[in-house]
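Peer 1: After the structure tokens below, expect a handful of questions from me.
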Amino acid sequence: MNQSANPFGRYFSRPMKMFLTVPVWLAVAFVAPLYASDYVFINVNVVPMGTEEVLAEHAVVIRDDRIVQVASMADFTAPDDAQVIDGGGHYLLPGLAEMHGHVPPMHSDNFPARYLDDTLFLYLAGGITTVRGMLGHPNQLDLVDDIDAGDRLGPTLYLAGPSFNGNSVESAEQGRRMVREHKAAGWDLLKIHPGLSLEYFTAIAEEAASQNIDFAGHIPQAVPLDKAMAMGIRTIDHMDGYLEFVGATDREISDEALQSLVQLTLQYEVGVVPTQALWATLIGAADREALEAYEEAKYVPESVREGWQRYLDNASQSRYYTGDTAQVHQQNRQRLLQALHAAGAEILMGTDAPQVYSVPGLGLKHELAMMGDAGLTPYEVLYTGTVAVGRYFAEQDTFGQVAEGHRADLILTSLNPLEDLSTLEQPLGVMASGRWLARETLDEKLAEIEAAYQ
Ligand SMILES: [Zn+2]
């Protein structure tokens, strides 16, 4: 846990700027309301996620976007100015993260105008309070400020810029320039897509190191997996390139090959965003009927659903499709996830929403189930979307646990998620940066979205 952060640091940062321009006596007069408590959860069983335990009968106090107190109900008195949320013996855990998510463009002719805000809302409704956006669009950085300022409802966003790929990069020098431009523009991350030559990839990696910005995503076919790792790729998403590197997309992977992949990952401290459910669809290992029966698909526009159908119609043309060997490929992927996890590699939760049949937030359940099938316990699954993500973003903020000083990203669930992750499918409420969405609010908005897309 990151104890070094001052829990009040971020809380004061914005108001303090304002004080610089007003007389001291006036500033003092303003201080009192700042201590006012916004929300108090009482009678909750806290699942803090720093350790595998439940803190029975606790209270959690929220001010602004921070958790400022976690205390036993036995010695707790609620501040009188707070809005009290009686948890009724239910469970409070940290909000989850989507580490390979997508946020639609601000303007597009392909989608209804409301699609962007609906997508942001769906993430929240699924308990996703942090999204690492993996493909930036022009003006998208404005979204971060809009959400921070409360002008727009959505998860906290950390964004990769537009993609580095075989089309967008035409020379090593231009690749380097793009890196500098992305850094200067304020993107958090460089997104690597297929199609880059080894020369261009190397140039981008070198420039990224000198500009101190991470690069992550895919492993281009021209770049050997171990070289990409050695050059410092921060996360490899979809475990792209892993099985290809040891020739195990069409036959059972050997234990030696599995261990060599694990050792490389540990040696170069690469994070992995498995996106197992999505990849099962892409390689052709998922059951089409089951995909088409996904109830949550009603919350995305018809044009998006049609795109998914078209994808399946032409699945065999996808570069990732493995047809006849999809099942063994899929088993290898599950074994790889298990082995990486068992060895202590950095595994980060992600679904690639809203890619084919991956509905933002609400589709997370499929990924959770597959991580469970790979052998992770509920605590270990949740860890990949909470504590592990807090560590990943430790330089930007403190979050990922129910603990003092952490960002107030919370999910209230009926049952103990450490015993049954399916309780996350119907949260009793979600808090994102201190903004509370009760079940009623979630249901009203979901019904409205469904009606809009019928
Ligand atoms: Zn993606």
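Ligands are numbered from 1 in the order shown, chains are lettered A, B, ... in the order of the structure tokens, and residues start at 1 in each chain.
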So that I can check the surroundings of His102 of chain A, please list as an MDAnalysis selection string every protein, DNA and RNA residue that reaches within 6 Å of it, counting only C-alpha atoms and ignoring chain neighbours fewer than 4 positions away.
Peer 2: chainID A and resid 133:134 353
Peer 1: Could you give me, as a short mmCIF file (atom, residue, chain, number, x, y, z; two decimals) with N, CA and C atoms, in the first residue's frame, the residues within 10 Å of Ser168 of chain A, counting only C-alpha atoms and dropping anything in the same chain fewer than 3 positions from it?
Peer 2:
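Result file follows (result.cif):
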data_model
loop_
_atom_site.label_atom_id
_atom_site.label_comp_id
_atom_site.auth_asym_id
_atom_site.auth_seq_id
_atom_site.Cartn_x
_atom_site.Cartn_y
_atom_site.Cartn_z
N PRO A 162 -3.52 8.43 -30.00
CA PRO A 162 -3.75 7.69 -31.26
C PRO A 162 -2.64 6.66 -31.49
N SER A 163 -3.00 5.61 -32.23
CA SER A 163 -2.14 4.43 -32.33
C SER A 163 -0.88 4.62 -33.17
N PHE A 164 0.18 3.93 -32.74
CA PHE A 164 1.40 3.78 -33.54
C PHE A 164 1.25 2.46 -34.29
N ASN A 165 1.15 2.53 -35.61
CA ASN A 165 0.97 1.30 -36.38
C ASN A 165 1.62 1.45 -37.76
N SER A 171 8.33 6.45 -40.89
CA SER A 171 9.79 6.44 -40.79
C SER A 171 10.17 6.45 -39.31
N GLN A 174 9.91 9.98 -37.99
CA GLN A 174 8.53 10.41 -37.76
C GLN A 174 7.94 9.73 -36.53
N GLY A 175 8.31 8.45 -36.32
CA GLY A 175 7.87 7.74 -35.12
C GLY A 175 8.35 8.44 -33.86
N MET A 178 6.40 11.57 -33.33
CA MET A 178 5.07 11.27 -32.79
C MET A 178 5.13 11.04 -31.27
N HIS A 193 0.19 -0.79 -32.00
CA HIS A 193 -0.67 -1.69 -32.75
C HIS A 193 0.21 -2.53 -33.68
N GLY A 195 1.86 -4.03 -37.17
CA GLY A 195 2.26 -3.43 -38.43
C GLY A 195 3.56 -2.65 -38.39
N LEU A 196 4.11 -2.42 -37.19
CA LEU A 196 5.37 -1.66 -37.11
C LEU A 196 6.55 -2.56 -37.43
#
Peer 1: Hey, which residues sit close to ligand 1? Say within 12 Å, counting only C-alpha atoms and all ligand atoms, and write them as a CSV table (one decimal) with N, CA and C atoms, in the first residue's frame.
Peer 2:
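Result file part39.csv:
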chain,number,residue,atom,x,y,z
A,98,GLU,N,-10.8,-1.0,-15.7
A,98,GLU,CA,-10.7,-1.6,-17.1
A,98,GLU,C,-9.4,-1.1,-17.7
A,99,MET,N,-8.4,-2.0,-17.7
A,99,MET,CA,-7.1,-1.6,-18.1
A,99,MET,C,-6.8,-1.7,-19.6
A,100,HIS,N,-7.8,-2.2,-20.3
A,100,HIS,CA,-7.7,-2.1,-21.8
A,100,HIS,C,-9.2,-1.8,-22.3
A,101,GLY,N,-9.5,-0.5,-22.1
A,101,GLY,CA,-10.8,-0.1,-22.4
A,101,GLY,C,-10.8,0.9,-23.6
A,102,HIS,N,-11.9,1.2,-24.2
A,102,HIS,CA,-12.0,2.2,-25.2
A,102,HIS,C,-13.1,3.1,-24.9
A,103,VAL,N,-12.8,4.4,-25.2
A,103,VAL,CA,-13.8,5.5,-25.0
A,103,VAL,C,-14.1,6.0,-26.4
A,104,PRO,N,-15.4,6.0,-26.8
A,104,PRO,CA,-15.7,6.4,-28.2
A,104,PRO,C,-15.3,7.9,-28.4
A,132,ARG,N,-8.3,2.6,-18.3
A,132,ARG,CA,-7.1,3.0,-19.1
A,132,ARG,C,-7.5,2.9,-20.6
A,133,GLY,N,-7.7,4.1,-21.2
A,133,GLY,CA,-8.2,4.1,-22.6
A,133,GLY,C,-7.1,3.8,-23.5
A,134,MET,N,-7.3,2.8,-24.4
A,134,MET,CA,-6.3,2.3,-25.2
A,134,MET,C,-6.2,2.7,-26.6
A,135,LEU,N,-7.0,3.8,-26.9
A,135,LEU,CA,-6.8,4.3,-28.3
A,135,LEU,C,-7.4,5.7,-28.2
A,136,GLY,N,-6.5,6.7,-28.3
A,136,GLY,CA,-7.0,8.1,-28.1
A,136,GLY,C,-7.6,8.7,-29.4
A,160,ALA,N,-4.3,6.5,-23.5
A,160,ALA,CA,-3.3,6.4,-24.6
A,160,ALA,C,-3.7,7.3,-25.7
A,162,PRO,N,-3.5,8.4,-30.0
A,162,PRO,CA,-3.7,7.7,-31.3
A,162,PRO,C,-2.6,6.7,-31.5
A,163,SER,N,-3.0,5.6,-32.2
A,163,SER,CA,-2.1,4.4,-32.3
A,163,SER,C,-0.9,4.6,-33.2
A,191,LYS,N,0.1,3.9,-27.6
A,191,LYS,CA,-0.5,2.7,-27.9
A,191,LYS,C,0.2,2.0,-29.1
A,192,ILE,N,0.7,0.8,-29.0
A,192,ILE,CA,1.3,0.1,-30.1
A,192,ILE,C,0.3,-0.9,-30.7
A,193,HIS,N,0.2,-0.8,-32.0
A,193,HIS,CA,-0.7,-1.7,-32.8
A,193,HIS,C,0.2,-2.5,-33.7
A,194,PRO,N,-0.4,-3.5,-34.3
A,194,PRO,CA,0.4,-4.3,-35.3
A,194,PRO,C,0.9,-3.5,-36.5
A,216,ALA,N,2.7,0.6,-24.7
A,216,ALA,CA,2.0,-0.7,-24.4
A,216,ALA,C,1.1,-1.1,-25.5
A,217,GLY,N,0.6,-2.3,-25.4
A,217,GLY,CA,-0.4,-2.8,-26.3
A,217,GLY,C,0.0,-4.1,-27.0
A,218,HIS,N,0.1,-4.0,-28.3
A,218,HIS,CA,0.3,-5.3,-29.1
A,218,HIS,C,1.8,-5.5,-29.4
A,236,ILE,N,1.8,-5.9,-22.0
A,236,ILE,CA,1.4,-6.6,-23.3
A,236,ILE,C,-0.1,-7.0,-23.1
A,237,ASP,N,-0.9,-6.5,-24.0
A,237,ASP,CA,-2.3,-6.7,-23.9
A,237,ASP,C,-2.8,-7.9,-24.7
A,238,HIS,N,-3.8,-8.6,-24.2
A,238,HIS,CA,-4.3,-9.8,-24.9
A,238,HIS,C,-3.2,-10.9,-24.8
A,240,ASP,N,-0.7,-10.8,-26.4
A,240,ASP,CA,-0.4,-10.8,-27.8
A,240,ASP,C,1.1,-11.2,-28.0
A,273,VAL,N,-2.3,-7.7,-19.6
A,273,VAL,CA,-3.8,-7.5,-19.6
A,273,VAL,C,-4.3,-8.6,-20.4
A,274,PRO,N,-4.8,-9.7,-19.8
A,274,PRO,CA,-5.1,-10.9,-20.6
A,274,PRO,C,-6.3,-10.8,-21.6
A,275,THR,N,-7.4,-10.1,-21.2
A,275,THR,CA,-8.6,-10.0,-22.0
A,275,THR,C,-9.0,-11.4,-22.5
A,278,LEU,N,-12.5,-11.7,-24.6
A,278,LEU,CA,-12.5,-11.1,-25.9
A,278,LEU,C,-11.7,-12.0,-26.8
A,279,TRP,N,-10.5,-12.4,-26.4
A,279,TRP,CA,-9.6,-13.1,-27.3
A,279,TRP,C,-10.2,-14.5,-27.6
A,282,LEU,N,-12.2,-13.6,-30.6
A,282,LEU,CA,-11.4,-13.3,-31.8
A,282,LEU,C,-10.7,-14.6,-32.4
A,350,GLY,N,-8.8,-6.5,-17.6
A,350,GLY,CA,-9.3,-5.7,-18.8
A,350,GLY,C,-10.1,-6.6,-19.7
A,351,THR,N,-11.0,-5.9,-20.5
A,351,THR,CA,-11.9,-6.7,-21.4
A,351,THR,C,-11.8,-6.2,-22.9
A,352,ASP,N,-11.2,-5.0,-23.1
A,352,ASP,CA,-11.2,-4.5,-24.5
A,352,ASP,C,-12.6,-4.0,-24.9
A,353,ALA,N,-13.4,-3.6,-23.9
A,353,ALA,CA,-14.7,-3.0,-24.2
A,353,ALA,C,-14.5,-1.7,-25.0
A,354,PRO,N,-15.4,-1.4,-25.9
A,354,PRO,CA,-16.6,-2.1,-26.4
A,354,PRO,C,-16.3,-2.9,-27.7
A,355,GLN,N,-15.2,-3.7,-27.6
A,355,GLN,CA,-14.9,-4.6,-28.8
A,355,GLN,C,-16.0,-5.7,-28.8
A,356,VAL,N,-16.0,-6.5,-29.9
A,356,VAL,CA,-17.0,-7.5,-30.1
A,356,VAL,C,-17.5,-8.2,-28.9
A,358,SER,N,-18.2,-7.3,-26.0
A,358,SER,CA,-17.7,-6.9,-24.7
A,358,SER,C,-18.3,-5.6,-24.4
Peer 1: I need the residue nearest Ile219 of chain A from this list: A:Met239, A:Leu376, A:Ala71, A:Ile204. Use only C-alpha atoms for the distance.
Peer 2: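 Between A:Met239, A:Leu376, A:Ala71, A:Ile204, the residue approaching Ile219 of chain A most closely is A:Met239.
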Peer 1: Could you tell me how far atom CA of Leu141 of chain A sits from atom CA of Ala451 of chain A, in Å to one decimal place?
Peer 2: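 Going from atom CA of Ala451 of chain A over to atom CA of Leu141 of chain A, I get 29.6 Å.
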Peer 1: With 9 Å as the cut-off and only C-alpha atoms counted, what is the closest atom pair between each nearby residue of segment 135-232 of chain A and segment 265-268 of chain A? Distances in Å to one decimal, ordered by chain and number, as a Markdown table.
Peer 2:
| residue | atom | partner | partner_atom | distance |
| --- | --- | --- | --- | --- |
| A:Asp226 | CA | A:Thr265 | CA | 8.7 |
| A:Met229 | CA | A:Tyr268 | CA | 6.0 |
| A:Ala230 | CA | A:Tyr268 | CA | 6.3 |
| A:Met231 | CA | A:Tyr268 | CA | 8.9 |
| A:Gly232 | CA | A:Tyr268 | CA | 7.3 |
Peer 1: Could you save the residues just selected, with N, CA and C atoms, as an mmCIF file, in the first residue's frame?
Peer 2:
data_model
loop_
_atom_site.group_PDB
_atom_site.id
_atom_site.type_symbol
_atom_site.label_atom_id
_atom_site.label_comp_id
_atom_site.auth_asym_id
_atom_site.auth_seq_id
_atom_site.Cartn_x
_atom_site.Cartn_y
_atom_site.Cartn_z
ATOM 1 N N ASP A 226 10.616 -11.267 -27.007
ATOM 2 C CA ASP A 226 11.652 -10.946 -26.007
ATOM 3 C C ASP A 226 12.308 -9.598 -26.292
ATOM 4 N N MET A 229 9.995 -6.881 -25.052
ATOM 5 C CA MET A 229 10.107 -6.800 -23.590
ATOM 6 C C MET A 229 11.400 -6.103 -23.174
ATOM 7 N N ALA A 230 12.489 -6.505 -23.820
ATOM 8 C CA ALA A 230 13.786 -5.920 -23.470
ATOM 9 C C ALA A 230 13.800 -4.421 -23.754
ATOM 10 N N MET A 231 13.028 -3.995 -24.750
ATOM 11 C CA MET A 231 12.977 -2.562 -25.075
ATOM 12 C C MET A 231 12.031 -1.799 -24.162
ATOM 13 N N GLY A 232 11.364 -2.514 -23.258
ATOM 14 C CA GLY A 232 10.636 -1.824 -22.191
ATOM 15 C C GLY A 232 9.144 -1.675 -22.378
#
Peer 1: Let's see if you can do this: from backbone DSSP, list all alpha helix (DSSP H) residues in segment 161-327 of chain A, as a ChimeraX atom specification.
Peer 2: /A:172-185,198-211,225-230,242-245,255-267,276-283,288-292,302-313,326-327
Peer 1: DSSP on the backbone, then: every residue of segment 26-149 of chain A marked strand (DSSP E or B), written as a ChimeraX atom specification.
Peer 2: /A:39-46,55-63,66-72,83-86,91-94,96-101,128-133
Peer 1: Please, what distance in Å, to one decimal, runs between atom CA of Gln330 of chain A and atom CA of Gly361 of chain A?
Peer 2: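 Separating atom CA of Gln330 of chain A from atom CA of Gly361 of chain A is a distance of 23.1 Å.
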Peer 1: Pick the closest to Thr413 of chain A from A:Pro220, A:Val40, A:Gly89, A:Ile67: which is it, counting only C-alpha atoms?
Peer 2: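 Nearest to Thr413 of chain A: A:Gly89.
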Peer 1: Could you name the residues that touch segment 57-61 of chain A at 10 Å or less, counting only C-alpha atoms, but leaving out those on the same chain fewer than 6 positions away, as a PyMOL selection string?
Peer 2: chain A and resi 37-46+67-79+82-92+402-404+408
Peer 1: Counting only C-alpha atoms, figure out which residue out of A:Arg435, A:Lys227, A:Lys445, A:His341 gets nearest to Arg152 of chain A.
Peer 2: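 Nearest candidate to Arg152 of chain A out of A:Arg435, A:Lys227, A:Lys445, A:His341: A:Arg435.
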Peer 1: Which neighbours of Arg288 of chain A fall inside 12 Å, counting only C-alpha atoms, when residues of the same chain fewer than 2 positions from it are skipped, and could you give them as a PDB file with N, CA and C atoms, in the first residue's frame?
Peer 2:
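Okay, around-v1.pdb is ready:
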ATOM      1  N   ALA A 280     -11.003 -15.085 -26.732  1.00  0.00           N
ATOM      2  CA  ALA A 280     -11.684 -16.343 -27.081  1.00  0.00           C
ATOM      3  C   ALA A 280     -12.599 -16.094 -28.275  1.00  0.00           C
ATOM      4  N   THR A 281     -13.256 -14.927 -28.288  1.00  0.00           N
ATOM      5  CA  THR A 281     -14.117 -14.575 -29.415  1.00  0.00           C
ATOM      6  C   THR A 281     -13.289 -14.377 -30.688  1.00  0.00           C
ATOM      7  N   LEU A 282     -12.184 -13.643 -30.573  1.00  0.00           N
ATOM      8  CA  LEU A 282     -11.391 -13.328 -31.768  1.00  0.00           C
ATOM      9  C   LEU A 282     -10.744 -14.560 -32.398  1.00  0.00           C
ATOM     10  N   GLY A 284     -11.882 -17.529 -32.279  1.00  0.00           N
ATOM     11  CA  GLY A 284     -12.901 -18.467 -32.733  1.00  0.00           C
ATOM     12  C   GLY A 284     -13.192 -19.568 -31.732  1.00  0.00           C
ATOM     13  N   ALA A 285     -12.843 -19.334 -30.440  1.00  0.00           N
ATOM     14  CA  ALA A 285     -13.073 -20.372 -29.424  1.00  0.00           C
ATOM     15  C   ALA A 285     -14.385 -20.163 -28.660  1.00  0.00           C
ATOM     16  N   ALA A 286     -15.033 -19.025 -28.876  1.00  0.00           N
ATOM     17  CA  ALA A 286     -16.270 -18.753 -28.131  1.00  0.00           C
ATOM     18  C   ALA A 286     -17.473 -19.306 -28.884  1.00  0.00           C
ATOM     19  N   ALA A 290     -23.988 -18.354 -27.537  1.00  0.00           N
ATOM     20  CA  ALA A 290     -23.840 -17.766 -26.201  1.00  0.00           C
ATOM     21  C   ALA A 290     -23.552 -16.264 -26.319  1.00  0.00           C
ATOM     22  N   LEU A 291     -22.681 -15.898 -27.249  1.00  0.00           N
ATOM     23  CA  LEU A 291     -22.350 -14.482 -27.431  1.00  0.00           C
ATOM     24  C   LEU A 291     -23.612 -13.691 -27.804  1.00  0.00           C
ATOM     25  N   GLU A 292     -24.379 -14.249 -28.722  1.00  0.00           N
ATOM     26  CA  GLU A 292     -25.551 -13.517 -29.203  1.00  0.00           C
ATOM     27  C   GLU A 292     -26.659 -13.456 -28.165  1.00  0.00           C
ATOM     28  N   ALA A 293     -26.533 -14.279 -27.127  1.00  0.00           N
ATOM     29  CA  ALA A 293     -27.534 -14.254 -26.057  1.00  0.00           C
ATOM     30  C   ALA A 293     -27.150 -13.288 -24.926  1.00  0.00           C
ATOM     31  N   TYR A 294     -26.006 -12.631 -25.047  1.00  0.00           N
ATOM     32  CA  TYR A 294     -25.598 -11.707 -23.974  1.00  0.00           C
ATOM     33  C   TYR A 294     -26.671 -10.646 -23.759  1.00  0.00           C
ATOM     34  N   TRP A 308     -20.780  -6.120 -34.567  1.00  0.00           N
ATOM     35  CA  TRP A 308     -20.341  -7.364 -33.915  1.00  0.00           C
ATOM     36  C   TRP A 308     -20.792  -8.580 -34.713  1.00  0.00           C
ATOM     37  N   GLN A 309     -22.039  -8.529 -35.177  1.00  0.00           N
ATOM     38  CA  GLN A 309     -22.571  -9.638 -35.995  1.00  0.00           C
ATOM     39  C   GLN A 309     -21.720  -9.828 -37.251  1.00  0.00           C
ATOM     40  N   TYR A 311     -18.719  -8.990 -37.672  1.00  0.00           N
ATOM     41  CA  TYR A 311     -17.405  -9.538 -37.311  1.00  0.00           C
ATOM     42  C   TYR A 311     -17.466 -11.060 -37.267  1.00  0.00           C
ATOM     43  N   LEU A 312     -18.507 -11.585 -36.609  1.00  0.00           N
ATOM     44  CA  LEU A 312     -18.619 -13.041 -36.489  1.00  0.00           C
ATOM     45  C   LEU A 312     -18.840 -13.695 -37.851  1.00  0.00           C
ATOM     46  N   ASP A 313     -19.619 -13.014 -38.700  1.00  0.00           N
ATOM     47  CA  ASP A 313     -19.853 -13.553 -40.043  1.00  0.00           C
ATOM     48  C   ASP A 313     -18.542 -13.742 -40.802  1.00  0.00           C
ATOM     49  N   ALA A 315     -15.438 -13.903 -39.250  1.00  0.00           N
ATOM     50  CA  ALA A 315     -14.408 -14.136 -38.221  1.00  0.00           C
ATOM     51  C   ALA A 315     -13.154 -14.778 -38.780  1.00  0.00           C
ATOM     52  N   VAL A 356     -15.961  -6.499 -29.864  1.00  0.00           N
ATOM     53  CA  VAL A 356     -17.004  -7.498 -30.132  1.00  0.00           C
ATOM     54  C   VAL A 356     -17.512  -8.216 -28.894  1.00  0.00           C
ATOM     55  N   TYR A 357     -18.788  -8.041 -28.598  1.00  0.00           N
ATOM     56  CA  TYR A 357     -19.500  -8.703 -27.505  1.00  0.00           C
ATOM     57  C   TYR A 357     -18.887  -8.426 -26.136  1.00  0.00           C
TER      58      TYR A 357
END
Peer 1: Residues near Gln211 of chain A, anyone? I mean within 9 Å using only C-alpha atoms, not counting same-chain ones fewer than 4 positions away, as a list in words.
Peer 2: Val179, Arg180, Lys183, Glu206 and Glu207 of chain A
Peer 1: Those residues you just picked out, can you put them in a file as a PDB file, in the first residue's frame with N, CA and C atoms?
Peer 2:
ATOM      1  N   VAL A 179       6.187  10.358 -30.839  1.00  0.00           N
ATOM      2  CA  VAL A 179       6.347  10.111 -29.402  1.00  0.00           C
ATOM      3  C   VAL A 179       6.426  11.450 -28.655  1.00  0.00           C
ATOM      4  N   ARG A 180       7.235  12.350 -29.181  1.00  0.00           N
ATOM      5  CA  ARG A 180       7.406  13.655 -28.516  1.00  0.00           C
ATOM      6  C   ARG A 180       6.092  14.432 -28.527  1.00  0.00           C
ATOM      7  N   LYS A 183       3.686  12.958 -25.951  1.00  0.00           N
ATOM      8  CA  LYS A 183       4.115  13.345 -24.604  1.00  0.00           C
ATOM      9  C   LYS A 183       3.704  14.797 -24.336  1.00  0.00           C
ATOM     10  N   GLU A 206      12.964   3.725 -27.989  1.00  0.00           N
ATOM     11  CA  GLU A 206      14.079   4.560 -27.507  1.00  0.00           C
ATOM     12  C   GLU A 206      13.601   5.962 -27.167  1.00  0.00           C
ATOM     13  N   GLU A 207      12.777   6.511 -28.056  1.00  0.00           N
ATOM     14  CA  GLU A 207      12.288   7.878 -27.819  1.00  0.00           C
ATOM     15  C   GLU A 207      11.362   7.914 -26.590  1.00  0.00           C
TER      16      GLU A 207
END
